[in-house]
Amino acid sequence: MATVSIIVPIYNVEAELRKCVSSILAQTYKDIEVILVDDGSPDNCGAICDEFACKDARIVVIHKENGGLVNARKSGLERSTGRFISYVDGDDWIEEDFIQNLIDCQQKYNVDIVAAGFSKDIGDISDEHANVIPSGLYDKQRMIAEVYPRMICAGPYFYFGVCSYVWNKLFKKELLYDCQMAVDPRISIGEDTSVVYSVLLKSNSLYISDNASYHYYQKAFSMLKSMGSLEKEKEKIGWLNNYLVNSLKDTPSEYNLTGQIERYIDSLRIIRYGETKDPSQNRFFNVDSATRVAIFNSGIVGQNIYSIYTTKKIAPITGWFDKDAVFYQAHGLNVKDFDEIPNTEFDKIIIANLDEKSILSALKILEKFKIDPHKIITLL
């Protein structure tokens with residue numbers, strides 16, 4: 001029986017899987033079991049899992065019919081034997097000290113959850129991200145005062161106080177188990193959110209770390225390829241909203257979880273199908289059909305805005321810009337460098353970010369290029 005069970009849900013990530021599993025096996029902390037959940041992957045992932053299992057006795061492989069990420073995580077958790085649980089997605093990787101850092105924090109402070117930061121990898125570029133709520137030890141009193149009122153939404157829109165991901169954390173299994181098993185298996189947007197905040201509410205202690213040695217691999221065109229019909233997106237977000245409201249409803253009013261959930265769900269509505277509960281706040285898409293539109297940033301939000309504009313035929317897109325333009329171009333997206341902004345004709349330019357810090361940074365760049373502020377659309 002290992003101390004830490006690392007659960008890896010796997011589906012259609014053949015190109016990244018070897019790097020992922022190798023990084024887990026290379027951990028300086030050795031007292032682990034690695035549960036590889038082959039969720040009916042149509043590529044060679046299943047064979048790769050079996051290959052690794054033959055070489056390292058710490059690996060357990062589960063082959064199952066495809067049931068989605070929630071179902072795969074449940075299967076891994078049921079099979080786990082560790083006192084603590086950590087997750088790694090099959091296309092991500094971790095530095096060799098990742099688990100050791102989590103365990104060190106847990107043992108030093110004897111906490112229920114350790115929540116780290118992460119690094120987002122786009123091509124050869126890696127940016128570190130920390131939790132909005134500062135690093136440090138939070139007992140139950142501090143969690144009530146400083147974490148719960150802003151853990152889901154620390155700003156007007158998509159701005160988590162504690163990162164929503166399960167994969168940059170260490171959980172006590174006894175606290176995680178019921179929360180993970182209760183998640184509606186239909187949920188395919190917000191799978192992590194459905195678990196993390198329920199576990200936080202059950203916990204008596206939390207340590208927030210700035211450790212960013214988990215590497216989240218962001219594919220260049222992940223959302224352009226994964227978005228379904230806009231009506232299906234609405235249905236998926238409806239399932240998530242209903243689950244969050246029901247699972248977090250019996251909480252003190254001072255946590256303001258109802259308001260936090262509303263802002264989070266509104267953010268998803270904007271990202272996934274271009275609407276908000278309040279139409280007056282639907283700034284990204286309230287333009288005339290003759291308006292020439294440019295998009296600033298080509299991450300998940302930018303890709304979805306592009307998809308929604310083209311799917312709904314809202315207005316013509318005359319420019320798309322990102323600091324990592326070369327990377328996105330290599331993956332087939334018509335994205336240009338920021339320096340091309342002054343050479344592009346547009347009537348409106350959308351800053352495709354939902355958090356205030358990123359929006360303010362974008363405004364400074366547009367100011368440098370002397371872009372008329374009346375042409376800029378943001379959520380501020």
# chains A, B, ... in the order shown; residues from 1 in each chain; ligands from 1

call {"tool": "residues_around", "arguments": {"residues": "A:Lys323", "least_positions_apart": "6", "cutoff": "9 Å", "atoms": "only C-alpha atoms", "output": "PyMOL selection string"}}
result
chain A and resi 297-298+336-338

call {"tool": "closest_atom_pairs", "arguments": {"of": "stretch 89-120 of chain A", "to": "stretch 204-215 of chain A", "cutoff": "7 Å", "atoms": "only C-alpha atoms", "output": "CSV"}}
result
residue,atom,partner,partner_atom,distance
A:Asp92,CA,A:His215,CA,5.8
A:Trp93,CA,A:His215,CA,5.3
A:Ile94,CA,A:Tyr214,CA,4.6
A:Glu95,CA,A:Ser213,CA,5.3
A:Phe98,CA,A:Ser213,CA,5.7
A:Val111,CA,A:Ser205,CA,5.0
A:Asp112,CA,A:Ser205,CA,5.4
A:Ile113,CA,A:Leu206,CA,5.0
A:Val114,CA,A:Tyr207,CA,4.8
A:Ala115,CA,A:Ile208,CA,4.8
A:Ala116,CA,A:Ser209,CA,4.6
A:Gly117,CA,A:Ala212,CA,4.6
A:Phe118,CA,A:Ala212,CA,3.9
A:Ser119,CA,A:His215,CA,4.8
A:Lys120,CA,A:His215,CA,5.8

call {"tool": "residues_around", "arguments": {"residues": "A:Asn242", "least_positions_apart": "3", "cutoff": "12 Å", "atoms": "only C-alpha atoms", "output": "list in words"}}
result
Val183, Asp184, Arg186, Ile187, Gly190, Ser194, Glu235, Lys236, Ile237, Gly238, Trp239, Val245, Asn246, Ser247, Leu248, Lys249, Thr258, Ile261, Glu262 and Ile265 of chain A

call {"tool": "select_by_dssp", "arguments": {"residues": "stretch 27-126 of chain A", "states": "helix (DSSP H, G or I)", "output": "PyMOL selection string"}}
result
chain A and resi 45-55+69-79+98-109

call {"tool": "write_last_selection", "arguments": {"atoms": "C-alpha atoms", "output": "mmCIF file, in the first residue's frame"}}
result
data_model
loop_
_atom_site.group_PDB
_atom_site.id
_atom_site.type_symbol
_atom_site.label_atom_id
_atom_site.label_comp_id
_atom_site.auth_asym_id
_atom_site.auth_seq_id
_atom_site.Cartn_x
_atom_site.Cartn_y
_atom_site.Cartn_z
ATOM 1 C CA CYS A 45 -2.732 4.501 -25.275
ATOM 2 C CA GLY A 46 -3.869 1.147 -23.874
ATOM 3 C CA ALA A 47 -0.817 -0.656 -25.224
ATOM 4 C CA ILE A 48 1.493 2.072 -23.915
ATOM 5 C CA CYS A 49 -0.056 1.707 -20.448
ATOM 6 C CA ASP A 50 0.527 -2.055 -20.483
ATOM 7 C CA GLU A 51 4.093 -1.519 -21.646
ATOM 8 C CA PHE A 52 4.826 0.730 -18.658
ATOM 9 C CA ALA A 53 3.116 -1.677 -16.255
ATOM 10 C CA CYS A 54 5.469 -4.465 -17.331
ATOM 11 C CA LYS A 55 8.450 -2.309 -16.351
ATOM 12 C CA LEU A 69 -13.328 12.057 -17.516
ATOM 13 C CA VAL A 70 -15.574 11.967 -14.431
ATOM 14 C CA ASN A 71 -16.145 8.251 -14.817
ATOM 15 C CA ALA A 72 -12.436 7.565 -15.400
ATOM 16 C CA ARG A 73 -11.457 9.436 -12.238
ATOM 17 C CA LYS A 74 -14.048 7.528 -10.232
ATOM 18 C CA SER A 75 -12.665 4.218 -11.519
ATOM 19 C CA GLY A 76 -9.145 5.204 -10.537
ATOM 20 C CA LEU A 77 -10.202 6.410 -7.112
ATOM 21 C CA GLU A 78 -12.100 3.198 -6.377
ATOM 22 C CA ARG A 79 -8.998 1.162 -7.211
ATOM 23 C CA PHE A 98 6.250 17.723 -7.627
ATOM 24 C CA ILE A 99 4.897 14.999 -5.329
ATOM 25 C CA GLN A 100 7.704 15.503 -2.813
ATOM 26 C CA ASN A 101 6.795 19.177 -2.501
ATOM 27 C CA LEU A 102 3.139 18.318 -1.893
ATOM 28 C CA ILE A 103 3.999 15.675 0.704
ATOM 29 C CA ASP A 104 6.461 17.998 2.462
ATOM 30 C CA CYS A 105 3.735 20.634 2.864
ATOM 31 C CA GLN A 106 1.226 18.081 4.071
ATOM 32 C CA GLN A 107 3.569 16.571 6.649
ATOM 33 C CA LYS A 108 4.874 19.896 7.895
ATOM 34 C CA TYR A 109 1.406 21.375 8.487
#

call {"tool": "atom_distance", "arguments": {"atom1": "atom CA of A:Thr310", "atom2": "atom CA of A:Ala294"}}
result
12.6 Å

call {"tool": "decode", "arguments": {"residues": "stretch 241-287 of chain A", "atoms": "N, CA and C atoms", "output": "tab-separated table (two decimals), in the first residue's frame"}}
result
chain	number	residue	atom	x	y	z
A	241	ASN	N	-24.29	23.57	-13.75
A	241	ASN	CA	-24.91	24.56	-12.88
A	241	ASN	C	-25.83	23.89	-11.86
A	242	ASN	N	-26.66	22.98	-12.33
A	242	ASN	CA	-27.58	22.29	-11.43
A	242	ASN	C	-26.82	21.51	-10.35
A	243	TYR	N	-25.74	20.86	-10.77
A	243	TYR	CA	-24.98	20.08	-9.80
A	243	TYR	C	-24.33	20.97	-8.74
A	244	LEU	N	-23.70	22.06	-9.18
A	244	LEU	CA	-23.03	22.96	-8.23
A	244	LEU	C	-24.04	23.59	-7.27
A	245	VAL	N	-25.15	24.05	-7.79
A	245	VAL	CA	-26.16	24.69	-6.95
A	245	VAL	C	-26.67	23.71	-5.89
A	246	ASN	N	-26.94	22.47	-6.31
A	246	ASN	CA	-27.48	21.48	-5.37
A	246	ASN	C	-26.43	21.01	-4.37
A	247	SER	N	-25.20	20.84	-4.83
A	247	SER	CA	-24.18	20.28	-3.93
A	247	SER	C	-23.63	21.32	-2.94
A	248	LEU	N	-23.75	22.60	-3.27
A	248	LEU	CA	-23.18	23.63	-2.40
A	248	LEU	C	-24.26	24.52	-1.76
A	249	LYS	N	-25.51	24.10	-1.86
A	249	LYS	CA	-26.61	24.97	-1.41
A	249	LYS	C	-26.68	25.12	0.11
A	250	ASP	N	-26.31	24.10	0.86
A	250	ASP	CA	-26.44	24.15	2.32
A	250	ASP	C	-25.19	24.72	2.97
A	251	THR	N	-24.84	25.92	2.59
A	251	THR	CA	-23.65	26.59	3.13
A	251	THR	C	-24.05	27.95	3.70
A	252	PRO	N	-23.31	28.44	4.67
A	252	PRO	CA	-23.65	29.75	5.25
A	252	PRO	C	-23.69	30.85	4.21
A	253	SER	N	-24.61	31.78	4.37
A	253	SER	CA	-24.80	32.85	3.39
A	253	SER	C	-23.57	33.73	3.25
A	254	GLU	N	-22.78	33.85	4.33
A	254	GLU	CA	-21.60	34.73	4.25
A	254	GLU	C	-20.54	34.20	3.29
A	255	TYR	N	-20.62	32.93	2.89
A	255	TYR	CA	-19.69	32.41	1.88
A	255	TYR	C	-20.04	32.93	0.49
A	256	ASN	N	-21.29	33.36	0.31
A	256	ASN	CA	-21.77	33.86	-0.98
A	256	ASN	C	-21.48	32.90	-2.13
A	257	LEU	N	-21.68	31.61	-1.89
A	257	LEU	CA	-21.40	30.64	-2.93
A	257	LEU	C	-22.39	30.74	-4.08
A	258	THR	N	-23.62	31.15	-3.79
A	258	THR	CA	-24.61	31.33	-4.87
A	258	THR	C	-24.13	32.38	-5.86
A	259	GLY	N	-23.65	33.51	-5.35
A	259	GLY	CA	-23.14	34.56	-6.22
A	259	GLY	C	-21.89	34.14	-6.96
A	260	GLN	N	-21.01	33.41	-6.27
A	260	GLN	CA	-19.79	32.94	-6.92
A	260	GLN	C	-20.11	31.97	-8.06
A	261	ILE	N	-21.04	31.06	-7.81
A	261	ILE	CA	-21.41	30.10	-8.85
A	261	ILE	C	-22.03	30.81	-10.04
A	262	GLU	N	-22.88	31.81	-9.78
A	262	GLU	CA	-23.51	32.55	-10.87
A	262	GLU	C	-22.48	33.21	-11.77
A	263	ARG	N	-21.47	33.84	-11.16
A	263	ARG	CA	-20.44	34.51	-11.96
A	263	ARG	C	-19.59	33.49	-12.73
A	264	TYR	N	-19.29	32.36	-12.08
A	264	TYR	CA	-18.53	31.31	-12.75
A	264	TYR	C	-19.30	30.74	-13.94
A	265	ILE	N	-20.58	30.44	-13.74
A	265	ILE	CA	-21.40	29.89	-14.82
A	265	ILE	C	-21.57	30.91	-15.94
A	266	ASP	N	-21.73	32.18	-15.59
A	266	ASP	CA	-21.82	33.21	-16.62
A	266	ASP	C	-20.54	33.26	-17.45
A	267	SER	N	-19.39	33.08	-16.80
A	267	SER	CA	-18.12	33.04	-17.53
A	267	SER	C	-18.12	31.90	-18.54
A	268	LEU	N	-18.59	30.74	-18.11
A	268	LEU	CA	-18.64	29.59	-19.02
A	268	LEU	C	-19.60	29.84	-20.17
A	269	ARG	N	-20.71	30.50	-19.88
A	269	ARG	CA	-21.66	30.82	-20.95
A	269	ARG	C	-20.99	31.70	-22.02
A	270	ILE	N	-20.22	32.67	-21.55
A	270	ILE	CA	-19.51	33.54	-22.49
A	270	ILE	C	-18.52	32.73	-23.31
A	271	ILE	N	-17.74	31.90	-22.64
A	271	ILE	CA	-16.68	31.15	-23.31
A	271	ILE	C	-17.25	30.12	-24.28
A	272	ARG	N	-18.28	29.40	-23.84
A	272	ARG	CA	-18.71	28.22	-24.59
A	272	ARG	C	-19.77	28.49	-25.65
A	273	TYR	N	-20.66	29.47	-25.44
A	273	TYR	CA	-21.65	29.70	-26.50
A	273	TYR	C	-22.05	31.17	-26.65
A	274	GLY	N	-21.30	32.06	-26.06
A	274	GLY	CA	-21.45	33.47	-26.38
A	274	GLY	C	-22.65	34.17	-25.83
A	275	GLU	N	-23.15	33.73	-24.68
A	275	GLU	CA	-24.30	34.39	-24.07
A	275	GLU	C	-24.04	34.52	-22.57
A	276	THR	N	-24.80	35.41	-21.94
A	276	THR	CA	-24.77	35.52	-20.48
A	276	THR	C	-26.21	35.54	-19.98
A	277	LYS	N	-26.36	35.32	-18.68
A	277	LYS	CA	-27.70	35.35	-18.09
A	277	LYS	C	-28.33	36.73	-18.27
A	278	ASP	N	-27.50	37.77	-18.18
A	278	ASP	CA	-27.94	39.14	-18.38
A	278	ASP	C	-27.46	39.61	-19.76
A	279	PRO	N	-28.34	39.71	-20.74
A	279	PRO	CA	-27.92	40.08	-22.10
A	279	PRO	C	-27.14	41.38	-22.17
A	280	SER	N	-27.39	42.30	-21.23
A	280	SER	CA	-26.68	43.58	-21.26
A	280	SER	C	-25.19	43.41	-21.00
A	281	GLN	N	-24.80	42.28	-20.41
A	281	GLN	CA	-23.39	42.01	-20.12
A	281	GLN	C	-22.70	41.24	-21.25
A	282	ASN	N	-23.43	40.98	-22.30
A	282	ASN	CA	-22.93	40.14	-23.38
A	282	ASN	C	-22.10	40.98	-24.36
A	283	ARG	N	-21.05	41.60	-23.86
A	283	ARG	CA	-20.33	42.63	-24.62
A	283	ARG	C	-19.54	42.08	-25.80
A	284	PHE	N	-19.03	40.87	-25.69
A	284	PHE	CA	-18.20	40.32	-26.76
A	284	PHE	C	-18.95	40.18	-28.08
A	285	PHE	N	-20.26	40.00	-28.02
A	285	PHE	CA	-21.01	39.62	-29.21
A	285	PHE	C	-22.09	40.61	-29.61
A	286	ASN	N	-22.20	41.73	-28.89
A	286	ASN	CA	-23.19	42.74	-29.22
A	286	ASN	C	-22.64	43.72	-30.25
A	287	VAL	N	-22.47	43.25	-31.47
A	287	VAL	CA	-21.96	44.10	-32.55
A	287	VAL	C	-22.85	43.93	-33.78
